[in-house]
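All remarks here apply to the structure that follows.
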Amino acid sequence: MIHISETLVLQTVEDFLVADELSQLRKVMAEERQAAGWVPRHQAEVVPAPAAAQEVLRQATERALPVIRRVMPSVRAAAPWGYTELGTGERVPAHLDGIPRPSVAPRRIGRIRVVLEEADDGGDFYVETTSSGSVWTGELAGEAEGFQPATALTHRLPHAPGPDTHQHDAEPAWLRGARRTRWTTAAGAGVAVAYGAQVIHGVSPVRAGRVRKFVTDLLDTGRD
């Protein structure tokens, strides 16, 4: 049974990527950008990471799973990794990804992100906590969905393809009025930050340089 605490935790893995892996990933992404000519069309756009990067990140994830499962014991795997960049003046407004289909496995229990290259100034990842009820939908999941009874569910605004390709341009209305406390991380390149799917989070504006990072979902593989 998935416990609500798993969807609200924060965990770091300091040696998620070692120096050789960071160098390899930087080379892979430089070659990919040159070959494909890819540049973000809008802030917070996430594209699939190339196969060579996926393999490095898969191995790193396997090494990190025992640490992640201390606080998210239901997590069994990660989805394919995505890649995103933020340039000067860009940010990711506060939001939460949520659990879009709690009754269907594999379920998103959390997310994990690891920075490939830090910005020269700004671009910090943060999480926020709040006592406001506006982030909660009033929906409950239970044993039938694979959760502990009466597990509360938040609203959701995931990074996913859809008709609204600019869904992360501003905070959603259900979050905007909530009073919150912000906690900013100092995790550098190669340090993974895993956070529950129901954790409010975002990235502060990049003031100089560019943030380059990989992100993916942490999944359970329970009954459907």
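Just so we're on the same page: first chain in the structure tokens is A, next is B, and so on; residues restart at 1 for each chain, and ligands are numbered from 1 in the order they show up.
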
task: Compile the contact shell of Ile99 (chain A) as a PyMOL selection string: residues with an atom at most 10 Å away, counting only C-alpha atoms, same-chain residues fewer than 5 positions apart removed.
output: chain A and resi 7+107-110+153-158+196-198

task: Enumerate the residues of region 39-204 of chain A with a DSSP assignment of strand (DSSP E), computed from the backbone, and present them as a PyMOL selection string.
output: chain A and resi 47-48+77-78+82-86+92-95+108-117+121-122+125-129+136-141+151-154+181-184+192-196+200-203

Could those selected residues go to a file with C-alpha atoms, as a compact mmCIF listing (two decimals), in the first residue's frame?
```txt
# COMPACT_ATOMS: atom_id res chain seq x y z
CA VAL A 47 12.22 16.38 -24.51
CA PRO A 48 13.24 12.69 -24.41
CA ALA A 77 11.51 1.88 -11.14
CA ALA A 78 11.91 5.12 -13.04
CA GLY A 82 13.67 13.69 -20.15
CA TYR A 83 15.96 16.65 -20.72
CA THR A 84 15.23 20.35 -20.28
CA GLU A 85 17.02 23.69 -20.21
CA LEU A 86 16.33 27.13 -18.76
CA VAL A 92 9.57 27.16 -13.62
CA PRO A 93 6.72 28.66 -11.58
CA ALA A 94 5.62 26.77 -8.47
CA HIS A 95 3.39 23.79 -9.23
CA ARG A 108 3.79 8.24 -10.31
CA ILE A 109 4.95 8.30 -6.68
CA GLY A 110 7.52 11.03 -7.17
CA ARG A 111 9.93 12.76 -9.49
CA ILE A 112 13.70 12.90 -9.63
CA ARG A 113 15.93 15.54 -11.21
CA VAL A 114 19.67 15.86 -11.65
CA VAL A 115 21.50 18.91 -12.95
CA LEU A 116 23.99 18.49 -15.78
CA GLU A 117 25.10 22.11 -15.75
CA ASP A 121 23.43 32.84 -11.22
CA GLY A 122 19.91 31.82 -10.17
CA PHE A 125 15.33 24.34 -7.39
CA TYR A 126 12.93 24.87 -4.49
CA VAL A 127 10.05 23.14 -2.74
CA GLU A 128 7.23 24.78 -0.84
CA THR A 129 5.05 23.71 2.06
CA TRP A 136 -6.08 19.52 -2.33
CA THR A 137 -8.91 18.33 -4.57
CA GLY A 138 -11.02 16.65 -1.89
CA GLU A 139 -10.59 13.33 -3.72
CA LEU A 140 -9.40 10.32 -1.73
CA ALA A 141 -7.63 7.15 -2.85
CA THR A 151 -5.14 9.07 1.05
CA ALA A 152 -5.75 12.69 0.04
CA LEU A 153 -4.95 13.79 -3.52
CA THR A 154 -3.73 17.17 -4.68
CA THR A 181 7.00 28.60 2.92
CA ARG A 182 9.82 28.13 0.43
CA TRP A 183 12.82 25.81 0.90
CA THR A 184 15.63 26.27 -1.62
CA ALA A 192 19.89 13.96 -7.60
CA VAL A 193 16.88 15.42 -5.82
CA ALA A 194 13.94 13.06 -5.44
CA TYR A 195 10.63 14.54 -4.35
CA GLY A 196 7.13 13.25 -3.89
CA ILE A 200 4.98 21.86 -4.52
CA HIS A 201 8.16 22.80 -6.37
CA GLY A 202 9.66 25.07 -9.00
CA VAL A 203 12.86 26.70 -10.26
```

field: Residues near Gln59 (chain A), cut-off 12 Å, only C-alpha atoms, skip fewer than 6 positions along chain, as a ChimeraX atom specification
entry: /A:16-18,21,52-53,65,77-78,81

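Between CA of Arg180 (chain A) and CA of Val9 (chain A) the interatomic distance comes to 16.4 Å.
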
query: Which residue gives the smallest distance to Thr216 (chain A) among A:Asp124, A:Glu143, A:Asp169, A:Asp97, with only C-alpha atoms counted?
result: A:Asp97

task: Could you give me, as a list in words, the residues within 6 Å of Trp174 (chain A), counting only C-alpha atoms and dropping anything in the same chain fewer than 2 positions from it?
output: Ser134, Pro172 and Arg176 of chain A

query: If you count only C-alpha atoms, which residues fall within 12 Å of Arg70 (chain A), apart from same-chain ones fewer than 2 positions away, as number ranges by chain?
result: A: 5-6, 9-13, 64-68, 72-76, 194

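Taking CA of Leu25 (chain A) and CA of Leu57 (chain A) as the two end points, the separation is 8.9 Å.
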
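With CA of Pro106 (chain A) on one side and CA of Val56 (chain A) on the other, the separation reads 22.6 Å.
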